[in-house]
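Engineer: Quick one: the structure is below, and I'll ask about it shortly.
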Amino acid sequence: MRAILKEIRFCEHEDYTPHRIAMMFSEETNDEELYVFGTTIEVQYCTKEKFIGGISDSLFKKKKAFAKKQIGKMFEINLYKFTVRELTNDKYVAFEVSIFDPYDCGASETLKDYHIASYMTIEDVKMKLKFGITMAGIEGHAEGVLPDNSTEIITTELFFPKPSPEKRHFDIPYSKYSNLTTSYIISEVAVNDIRKGRNLAYQIKEQDIPYYEFDKYIRQIEGYRSSVRNAKAINESLRKKIFFWKPKVVVEELKLKQNVVSLFKDCIILGKCYPAECDKADHEYAKECEKILRKQFLGEDMDEKEFKDKWFDFIQALKKKYKGRETIRPID
């Protein structure tokens, strides 16, 4: 669409390069509603000059004067407006964003809506904005303002939530393993065979036993088996010393809750029937543990790193998609 360049706002700190400017557009000459196109002097007015390390002061003043002469001219550019409520599905009414001010380290501005002029589509504009506000949020420079005027930190969950893990279905052939009675599981099954299907069992359905309690019951089995072995060793030793000795050292039978036995049974069968899927589940669990440990001990947030890589790829894709359109020219 066509829009009129109403004014150009130059960065107050002209010694910073590149020299940022905001070109303000409106639909009509007398329209007070302005739409901002953020760019730089270098991109808009220095396309023919070759320079290294920034433009000179004299060239900057020359280009600044030339830019001002374009005010009032018509440009071919898209004008978009939308609110923070619209952008966040009514979660936030505004964004509180830090701004650069050499005289006030805590300077910020409250944004309730956006009026943007762009050569890009509205979908790309919104996505770029979502990436930008999320980046500012995870770096501590932006917060979301809730309807009650309280604020909270913006995280990747606002615009880029992780999909909930899909609950996969696995047929567990209980009839094929009818020998897995409670006493057999407690006394005979190798502990590693119980652990084999643990992560897959927790992936495919909700368990009423917390993950961190799993090993508690494994230790109970290991302790019980150790006590049984010790009792047998004592009885055997006494039998060899005393003729007609009848075993008297007895270990009380271990009692496990039925839900624990059921979980262990699932783990054993899954480990035997779906070994590859169990290995995959173990690998995914190890990756999540690595993320937690890196964040706790090294201060590295792997989720944020993955997001930043995704943001970089998106920006590169935009540059490729709109190559040659960054510089806008008046049409009259």
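Following the order of the structure tokens, first chain is A, next is B, and so on, with residues numbered from 1 inside each chain and ligands from 1 in the order they appear.
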Any idea what's packed within 6 Å of segment 268-278 of chain A, counting only C-alpha atoms, ignoring anything in its chain fewer than 2 positions away? Could you give it as a list in words?

Structural biologist: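 What passes the distance filter is Asp193, Ile194, Lys196, Gly197, Leu200, Lys265, Asp266, Lys280 and Ala281 of chain A.
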
Engineer: Name all residues at most 12 Å from segment 26-28 of chain A (count only C-alpha atoms; drop same-chain ones fewer than 6 positions away) and give them as a list in words.

Structural biologist: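 The residues satisfying every condition are Met1, Arg2, Ala3, Ile4, Leu5, Lys6, Glu7, Leu34, Tyr35, Val36, Phe37, Ile71, Gly72, Lys73, Met74, Phe75, Glu76, Ile77, Asn78, Leu79, Tyr80, Lys81, His115, Ile116 and Ala117 of chain A.
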
Engineer: Could you check the closest approach to Lys126 of chain A for each of A:Thr83, A:Thr110, A:Asn30, A:Asn149 and tell me which residue wins, using only C-alpha atoms?

Structural biologist: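 Among A:Thr83, A:Thr110, A:Asn30, A:Asn149, it is A:Thr83 that comes nearest to Lys126 of chain A.
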
Engineer: Check the smallest atom-to-atom distance from each of A:Thr134, A:Asp57, A:Asp171, A:Val145 to Tyr92 of chain A using only C-alpha atoms, then report the winner.

Structural biologist: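 With only C-alpha atoms as the atom set, the closest residue is A:Val145.
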
Engineer: Given the choices A:Gln44, A:Thr121, A:Gln296, A:Ser183, which gets closest to Gln70 of chain A if the distance is worked out from only C-alpha atoms?

Structural biologist: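 Closest residue, counting only C-alpha atoms: A:Gln44.
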
Engineer: If you run DSSP on the backbone here, which positions in segment 47-257 of chain A get alpha helix (DSSP H)? Please write them as a count of residues only.

Structural biologist: 79

Engineer: Hey, what's within 12 Å of Met127 of chain A if we count only C-alpha atoms and toss same-chain stuff fewer than 3 positions away? As a PDB file with N, CA, C and O atoms, in the first residue's frame, please?

Structural biologist:
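As a result, out-v6.pdb now contains:
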ATOM      1  N   LEU A  87      -1.643  -9.904  20.355  1.00  0.00           N
ATOM      2  CA  LEU A  87      -0.434 -10.676  20.116  1.00  0.00           C
ATOM      3  C   LEU A  87      -0.276 -11.817  21.121  1.00  0.00           C
ATOM      4  O   LEU A  87       0.250 -12.886  20.778  1.00  0.00           O
ATOM      5  N   THR A  88      -0.745 -11.599  22.357  1.00  0.00           N
ATOM      6  CA  THR A  88      -0.549 -12.598  23.418  1.00  0.00           C
ATOM      7  C   THR A  88      -1.837 -13.316  23.808  1.00  0.00           C
ATOM      8  O   THR A  88      -1.887 -13.965  24.856  1.00  0.00           O
ATOM      9  N   MET A 120       7.677  -6.307   4.798  1.00  0.00           N
ATOM     10  CA  MET A 120       7.408  -7.726   5.011  1.00  0.00           C
ATOM     11  C   MET A 120       5.905  -7.982   5.175  1.00  0.00           C
ATOM     12  O   MET A 120       5.119  -7.049   5.370  1.00  0.00           O
ATOM     13  N   THR A 121       5.516  -9.262   5.142  1.00  0.00           N
ATOM     14  CA  THR A 121       4.128  -9.633   5.395  1.00  0.00           C
ATOM     15  C   THR A 121       3.829  -9.493   6.872  1.00  0.00           C
ATOM     16  O   THR A 121       4.743  -9.493   7.712  1.00  0.00           O
ATOM     17  N   ILE A 122       2.547  -9.408   7.213  1.00  0.00           N
ATOM     18  CA  ILE A 122       2.188  -9.258   8.626  1.00  0.00           C
ATOM     19  C   ILE A 122       2.579 -10.485   9.435  1.00  0.00           C
ATOM     20  O   ILE A 122       2.947 -10.393  10.611  1.00  0.00           O
ATOM     21  N   GLU A 123       2.540 -11.679   8.797  1.00  0.00           N
ATOM     22  CA  GLU A 123       2.952 -12.895   9.503  1.00  0.00           C
ATOM     23  C   GLU A 123       4.426 -12.828   9.892  1.00  0.00           C
ATOM     24  O   GLU A 123       4.797 -13.161  11.023  1.00  0.00           O
ATOM     25  N   ASP A 124       5.262 -12.366   8.963  1.00  0.00           N
ATOM     26  CA  ASP A 124       6.693 -12.254   9.260  1.00  0.00           C
ATOM     27  C   ASP A 124       6.967 -11.150  10.268  1.00  0.00           C
ATOM     28  O   ASP A 124       7.852 -11.272  11.115  1.00  0.00           O
ATOM     29  N   LYS A 130       7.725 -11.414  17.877  1.00  0.00           N
ATOM     30  CA  LYS A 130       7.652 -12.456  18.918  1.00  0.00           C
ATOM     31  C   LYS A 130       9.050 -12.942  19.299  1.00  0.00           C
ATOM     32  O   LYS A 130       9.357 -13.110  20.480  1.00  0.00           O
ATOM     33  N   PHE A 131       9.882 -13.148  18.280  1.00  0.00           N
ATOM     34  CA  PHE A 131      11.262 -13.550  18.569  1.00  0.00           C
ATOM     35  C   PHE A 131      11.976 -12.448  19.346  1.00  0.00           C
ATOM     36  O   PHE A 131      12.692 -12.716  20.315  1.00  0.00           O
ATOM     37  N   GLY A 132      11.791 -11.198  18.902  1.00  0.00           N
ATOM     38  CA  GLY A 132      12.488 -10.085  19.540  1.00  0.00           C
ATOM     39  C   GLY A 132      12.099  -9.888  20.993  1.00  0.00           C
ATOM     40  O   GLY A 132      12.968  -9.713  21.860  1.00  0.00           O
ATOM     41  N   ILE A 133      10.805  -9.926  21.282  1.00  0.00           N
ATOM     42  CA  ILE A 133      10.351  -9.701  22.666  1.00  0.00           C
ATOM     43  C   ILE A 133      10.737 -10.881  23.548  1.00  0.00           C
ATOM     44  O   ILE A 133      11.033 -10.720  24.741  1.00  0.00           O
ATOM     45  N   THR A 134      10.774 -12.082  22.981  1.00  0.00           N
ATOM     46  CA  THR A 134      11.201 -13.256  23.739  1.00  0.00           C
ATOM     47  C   THR A 134      12.686 -13.168  24.058  1.00  0.00           C
ATOM     48  O   THR A 134      13.104 -13.463  25.185  1.00  0.00           O
ATOM     49  N   PHE A 159       5.443 -17.449  23.463  1.00  0.00           N
ATOM     50  CA  PHE A 159       5.187 -17.592  22.027  1.00  0.00           C
ATOM     51  C   PHE A 159       5.697 -18.911  21.440  1.00  0.00           C
ATOM     52  O   PHE A 159       5.280 -19.309  20.359  1.00  0.00           O
ATOM     53  N   PHE A 160       6.612 -19.558  22.165  1.00  0.00           N
ATOM     54  CA  PHE A 160       7.218 -20.783  21.634  1.00  0.00           C
ATOM     55  C   PHE A 160       7.164 -21.907  22.673  1.00  0.00           C
ATOM     56  O   PHE A 160       8.200 -22.444  23.072  1.00  0.00           O
ATOM     57  N   TRP A 311      16.229 -18.480  16.609  1.00  0.00           N
ATOM     58  CA  TRP A 311      16.051 -17.063  16.288  1.00  0.00           C
ATOM     59  C   TRP A 311      17.047 -16.628  15.203  1.00  0.00           C
ATOM     60  O   TRP A 311      16.680 -15.931  14.243  1.00  0.00           O
ATOM     61  N   PHE A 314      15.982 -17.902  11.890  1.00  0.00           N
ATOM     62  CA  PHE A 314      14.817 -17.165  11.392  1.00  0.00           C
ATOM     63  C   PHE A 314      15.248 -15.834  10.768  1.00  0.00           C
ATOM     64  O   PHE A 314      14.790 -15.475   9.674  1.00  0.00           O
ATOM     65  N   ILE A 315      16.140 -15.113  11.442  1.00  0.00           N
ATOM     66  CA  ILE A 315      16.620 -13.826  10.923  1.00  0.00           C
ATOM     67  C   ILE A 315      17.363 -14.025   9.604  1.00  0.00           C
ATOM     68  O   ILE A 315      17.181 -13.249   8.652  1.00  0.00           O
ATOM     69  N   LEU A 318      14.846 -14.534   6.900  1.00  0.00           N
ATOM     70  CA  LEU A 318      14.208 -13.270   6.518  1.00  0.00           C
ATOM     71  C   LEU A 318      15.106 -12.465   5.588  1.00  0.00           C
ATOM     72  O   LEU A 318      14.644 -11.891   4.598  1.00  0.00           O
TER      73      LEU A 318
END

Engineer: Between A:Asn199, A:Ile99, A:Ser56, A:Glu252, which one has atoms that come closest to Ala286 of chain A, using only C-alpha atoms?

Structural biologist: A:Asn199

Engineer: Please list as a list in words every residue within 6 Å of Ser98 of chain A, counting only C-alpha atoms and excluding residues in the same chain fewer than 2 positions away.

Structural biologist: Ala107, Ser108 and His141 of chain A

Engineer: Please write the residues from the selection above to a file, keeping N, CA, C and O atoms, as an mmCIF file, in the first residue's frame.

Structural biologist:
data_model
loop_
_atom_site.group_PDB
_atom_site.id
_atom_site.type_symbol
_atom_site.label_atom_id
_atom_site.label_comp_id
_atom_site.auth_asym_id
_atom_site.auth_seq_id
_atom_site.Cartn_x
_atom_site.Cartn_y
_atom_site.Cartn_z
ATOM 1 N N ALA A 107 15.995 2.751 32.623
ATOM 2 C CA ALA A 107 14.958 3.326 31.765
ATOM 3 C C ALA A 107 14.172 2.231 31.047
ATOM 4 O O ALA A 107 14.727 1.215 30.623
ATOM 5 N N SER A 108 12.869 2.442 30.936
ATOM 6 C CA SER A 108 12.021 1.468 30.242
ATOM 7 C C SER A 108 10.820 2.190 29.646
ATOM 8 O O SER A 108 10.542 3.343 29.981
ATOM 9 N N HIS A 141 15.384 -8.056 29.757
ATOM 10 C CA HIS A 141 15.094 -6.686 29.324
ATOM 11 C C HIS A 141 13.617 -6.452 29.011
ATOM 12 O O HIS A 141 13.267 -5.379 28.508
#

Engineer: Please determine, counting only C-alpha atoms, which residue among A:Thr155, A:Asn259, A:Thr39, A:His283 has the shortest atom-to-atom distance to Ile328 of chain A.

Structural biologist: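 So, comparing all the options, the nearest one is A:Thr39.
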
Engineer: Name the residues of segment 31-245 of chain A that come out as strand (DSSP E or B) in a backbone DSSP run; write them as number ranges by chain.

Structural biologist: A: 35-40, 74-76, 78-83, 94-98, 108-111, 113-118, 142-145, 151-153

Engineer: Save the residues we just selected, N, CA, C and O atoms, as a compact mmCIF listing (two decimals), in the first residue's frame?

Structural biologist:
# COMPACT_ATOMS: atom_id res chain seq x y z
N TYR A 35 3.12 5.17 11.82
CA TYR A 35 3.64 3.81 11.78
C TYR A 35 5.16 3.89 11.60
O TYR A 35 5.65 4.62 10.74
N VAL A 36 5.88 3.15 12.41
CA VAL A 36 7.34 3.28 12.43
C VAL A 36 8.02 2.21 11.57
O VAL A 36 7.66 1.04 11.60
N PHE A 37 9.00 2.68 10.81
CA PHE A 37 9.86 1.79 10.05
C PHE A 37 11.28 1.98 10.56
O PHE A 37 11.91 3.01 10.33
N GLY A 38 11.78 1.01 11.32
CA GLY A 38 13.11 1.12 11.90
C GLY A 38 14.19 0.70 10.91
O GLY A 38 14.11 -0.36 10.30
N THR A 39 15.19 1.55 10.74
CA THR A 39 16.26 1.25 9.81
C THR A 39 17.50 2.05 10.21
O THR A 39 17.59 2.52 11.35
N THR A 40 18.45 2.23 9.28
CA THR A 40 19.65 3.01 9.58
C THR A 40 19.96 3.93 8.40
O THR A 40 19.53 3.68 7.27
N MET A 74 5.66 10.06 -1.00
CA MET A 74 4.89 8.82 -0.94
C MET A 74 5.81 7.62 -1.13
O MET A 74 6.72 7.63 -1.96
N PHE A 75 5.55 6.58 -0.32
CA PHE A 75 6.32 5.33 -0.40
C PHE A 75 5.37 4.15 -0.54
O PHE A 75 4.21 4.21 -0.10
N GLU A 76 5.87 3.08 -1.14
CA GLU A 76 5.13 1.83 -1.21
C GLU A 76 5.58 0.98 -0.03
O GLU A 76 6.70 0.44 -0.02
N ASN A 78 3.92 -1.45 3.62
CA ASN A 78 2.76 -1.97 4.36
C ASN A 78 2.65 -1.33 5.73
O ASN A 78 3.67 -1.10 6.40
N LEU A 79 1.44 -1.03 6.16
CA LEU A 79 1.18 -0.47 7.49
C LEU A 79 0.36 -1.46 8.30
O LEU A 79 -0.71 -1.89 7.89
N TYR A 80 0.88 -1.83 9.46
CA TYR A 80 0.20 -2.81 10.32
C TYR A 80 0.02 -2.23 11.72
O TYR A 80 0.89 -1.51 12.22
N LYS A 81 -1.09 -2.57 12.34
CA LYS A 81 -1.27 -2.21 13.76
C LYS A 81 -1.96 -3.35 14.48
O LYS A 81 -2.89 -3.97 13.96
N PHE A 82 -1.48 -3.64 15.67
CA PHE A 82 -2.08 -4.67 16.51
C PHE A 82 -1.66 -4.41 17.95
O PHE A 82 -0.67 -3.71 18.22
N THR A 83 -2.44 -4.93 18.89
CA THR A 83 -2.20 -4.68 20.31
C THR A 83 -1.44 -5.84 20.93
O THR A 83 -1.37 -6.94 20.38
N ALA A 94 0.28 -5.29 28.11
CA ALA A 94 1.38 -4.46 27.64
C ALA A 94 2.70 -5.18 27.88
O ALA A 94 2.76 -6.18 28.61
N PHE A 95 3.75 -4.66 27.26
CA PHE A 95 5.12 -5.11 27.51
C PHE A 95 5.88 -3.98 28.17
O PHE A 95 5.76 -2.81 27.76
N GLU A 96 6.65 -4.29 29.18
CA GLU A 96 7.55 -3.32 29.83
C GLU A 96 8.95 -3.64 29.31
O GLU A 96 9.52 -4.68 29.64
N VAL A 97 9.49 -2.75 28.48
CA VAL A 97 10.74 -3.05 27.78
C VAL A 97 11.82 -2.05 28.16
O VAL A 97 11.59 -0.83 28.16
N SER A 98 13.01 -2.55 28.48
CA SER A 98 14.14 -1.68 28.79
C SER A 98 14.59 -0.95 27.54
O SER A 98 14.56 -1.51 26.44
N SER A 108 12.87 2.44 30.94
CA SER A 108 12.02 1.47 30.24
C SER A 108 10.82 2.19 29.65
O SER A 108 10.54 3.34 29.98
N GLU A 109 10.13 1.50 28.75
CA GLU A 109 8.90 2.04 28.19
C GLU A 109 7.83 0.96 28.18
O GLU A 109 8.14 -0.24 28.11
N THR A 110 6.58 1.41 28.27
CA THR A 110 5.45 0.49 28.26
C THR A 110 4.79 0.50 26.89
O THR A 110 4.39 1.56 26.40
N LEU A 111 4.71 -0.65 26.28
CA LEU A 111 4.13 -0.77 24.93
C LEU A 111 2.81 -1.51 25.02
O LEU A 111 2.77 -2.67 25.43
N ASP A 113 0.52 -1.23 22.25
CA ASP A 113 0.19 -1.61 20.87
C ASP A 113 1.37 -1.29 19.96
O ASP A 113 2.33 -0.63 20.36
N TYR A 114 1.28 -1.78 18.75
CA TYR A 114 2.34 -1.59 17.78
C TYR A 114 1.76 -1.01 16.50
O TYR A 114 0.72 -1.45 16.01
N HIS A 115 2.44 0.00 15.97
CA HIS A 115 2.13 0.56 14.66
C HIS A 115 3.41 0.43 13.84
O HIS A 115 4.37 1.16 14.06
N ILE A 116 3.42 -0.51 12.92
CA ILE A 116 4.64 -0.87 12.22
C ILE A 116 4.49 -0.69 10.72
O ILE A 116 3.49 -1.12 10.13
N ALA A 117 5.47 -0.05 10.12
CA ALA A 117 5.57 0.04 8.66
C ALA A 117 6.64 -0.95 8.24
O ALA A 117 7.72 -1.01 8.84
N SER A 118 6.35 -1.73 7.21
CA SER A 118 7.30 -2.77 6.83
C SER A 118 7.08 -3.21 5.39
O SER A 118 5.98 -3.12 4.85
N ALA A 142 12.77 -7.43 29.25
CA ALA A 142 11.34 -7.25 28.95
C ALA A 142 10.49 -8.08 29.90
O ALA A 142 10.87 -9.20 30.27
N GLU A 143 9.36 -7.50 30.30
CA GLU A 143 8.40 -8.19 31.16
C GLU A 143 7.00 -8.01 30.58
O GLU A 143 6.73 -7.04 29.86
N GLY A 144 6.14 -8.96 30.89
CA GLY A 144 4.75 -8.85 30.47
C GLY A 144 3.91 -8.23 31.56
O GLY A 144 4.07 -8.55 32.74
N VAL A 145 3.02 -7.30 31.18
CA VAL A 145 2.13 -6.65 32.15
C VAL A 145 0.79 -7.36 32.13
O VAL A 145 0.11 -7.40 31.09
N THR A 151 3.59 -7.57 36.94
CA THR A 151 4.45 -7.96 35.81
C THR A 151 5.08 -9.32 36.08
O THR A 151 5.21 -9.74 37.23
N GLU A 152 5.46 -9.97 35.01
CA GLU A 152 6.20 -11.23 35.12
C GLU A 152 7.18 -11.34 33.97
O GLU A 152 7.02 -10.72 32.92
N ILE A 153 8.23 -12.11 34.20
CA ILE A 153 9.28 -12.28 33.20
C ILE A 153 8.73 -13.02 31.98
O ILE A 153 7.98 -13.98 32.12

Engineer: Report the distance between atom CA of Lys69 of chain A and atom CA of Gly324 of chain A in Å, rounded to one decimal place.

Structural biologist: 22.9 Å

Engineer: Mind giving me the straight-line distance from atom CA of Ile331 of chain A to atom CA of Phe66 of chain A in Å, one decimal?

Structural biologist: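 A separation of 15.9 Å between them.
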
Engineer: Find the residues near Val261 of chain A: any atom within 9 Å, counting only C-alpha atoms, skip ones fewer than 3 places away on the same chain, and give them as a ChimeraX atom specification.

Structural biologist: /A:181-182,185-186,256-258,264-266

Engineer: Would you output that residue set with all heavy atoms, as a compact mmCIF listing (two decimals), in the first residue's frame?

Structural biologist:
# COMPACT_ATOMS: atom_id res chain seq x y z
N THR A 181 5.03 -63.01 39.05
CA THR A 181 4.29 -62.83 40.29
C THR A 181 5.06 -61.88 41.20
O THR A 181 6.24 -61.60 40.97
CB THR A 181 4.09 -64.17 41.00
OG1 THR A 181 5.39 -64.71 41.31
CG2 THR A 181 3.33 -65.15 40.12
N THR A 182 4.40 -61.44 42.25
CA THR A 182 5.06 -60.52 43.18
C THR A 182 6.31 -61.13 43.78
O THR A 182 7.38 -60.50 43.82
CB THR A 182 4.09 -60.11 44.30
OG1 THR A 182 2.94 -59.49 43.73
CG2 THR A 182 4.76 -59.16 45.27
N ILE A 185 9.15 -61.40 41.20
CA ILE A 185 9.78 -60.10 40.93
C ILE A 185 10.70 -59.71 42.08
O ILE A 185 11.83 -59.26 41.88
CB ILE A 185 8.71 -59.02 40.71
CG1 ILE A 185 7.96 -59.27 39.39
CG2 ILE A 185 9.34 -57.62 40.69
CD1 ILE A 185 6.78 -58.36 39.16
N ILE A 186 10.24 -59.89 43.30
CA ILE A 186 11.02 -59.50 44.47
C ILE A 186 12.26 -60.36 44.63
O ILE A 186 13.34 -59.87 44.97
CB ILE A 186 10.15 -59.58 45.74
CG1 ILE A 186 9.08 -58.47 45.71
CG2 ILE A 186 11.01 -59.45 47.00
CD1 ILE A 186 8.08 -58.55 46.85
N LEU A 256 5.59 -55.28 49.16
CA LEU A 256 5.55 -54.09 48.29
C LEU A 256 4.11 -53.76 47.95
O LEU A 256 3.27 -54.65 47.79
CB LEU A 256 6.33 -54.36 46.98
CG LEU A 256 7.85 -54.40 47.06
CD1 LEU A 256 8.43 -54.67 45.67
CD2 LEU A 256 8.43 -53.10 47.60
N LYS A 257 3.83 -52.45 47.82
CA LYS A 257 2.49 -52.03 47.43
C LYS A 257 2.17 -52.55 46.04
O LYS A 257 3.06 -52.70 45.19
CB LYS A 257 2.40 -50.50 47.45
CG LYS A 257 2.59 -49.88 48.82
CD LYS A 257 2.56 -48.36 48.72
CE LYS A 257 2.81 -47.71 50.07
NZ LYS A 257 2.82 -46.23 49.98
N GLN A 258 0.89 -52.80 45.80
CA GLN A 258 0.51 -53.38 44.51
C GLN A 258 0.85 -52.46 43.33
O GLN A 258 1.23 -52.94 42.26
CB GLN A 258 -1.00 -53.69 44.51
CG GLN A 258 -1.46 -54.46 43.28
CD GLN A 258 -0.69 -55.76 43.07
OE1 GLN A 258 -0.46 -56.51 44.01
NE2 GLN A 258 -0.26 -56.01 41.84
N PHE A 264 6.70 -52.21 38.30
CA PHE A 264 7.87 -53.04 38.03
C PHE A 264 7.57 -54.06 36.94
O PHE A 264 8.40 -54.33 36.07
CB PHE A 264 8.32 -53.75 39.30
CG PHE A 264 9.10 -52.87 40.24
CD1 PHE A 264 9.33 -51.54 39.95
CD2 PHE A 264 9.63 -53.37 41.43
CE1 PHE A 264 10.04 -50.71 40.81
CE2 PHE A 264 10.35 -52.57 42.29
CZ PHE A 264 10.56 -51.24 41.99
N LYS A 265 6.37 -54.61 36.97
CA LYS A 265 5.98 -55.60 35.95
C LYS A 265 5.97 -54.94 34.56
O LYS A 265 6.47 -55.51 33.58
CB LYS A 265 4.60 -56.17 36.27
CG LYS A 265 4.17 -57.32 35.35
CD LYS A 265 2.78 -57.83 35.71
CE LYS A 265 2.77 -58.51 37.07
NZ LYS A 265 1.44 -59.12 37.35
N ASP A 266 5.41 -53.73 34.48
CA ASP A 266 5.40 -53.00 33.20
C ASP A 266 6.82 -52.76 32.71
O ASP A 266 7.13 -52.92 31.53
CB ASP A 266 4.67 -51.67 33.35
CG ASP A 266 3.16 -51.82 33.45
OD1 ASP A 266 2.67 -52.96 33.30
OD2 ASP A 266 2.48 -50.80 33.68

Engineer: Between atom CA of Ile8 of chain A and atom CA of Ala22 of chain A, what is the distance, to one decimal in Å?

Structural biologist: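 Atom-to-atom, atom CA of Ile8 of chain A and atom CA of Ala22 of chain A are spaced 5.7 Å apart.
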
Engineer: Kindly indicate which residue among A:Glu157, A:Lys232, A:Asn192, A:Ser150 lies nearest to Gly137 of chain A, using only C-alpha atoms for the distances.

Structural biologist: A:Glu157
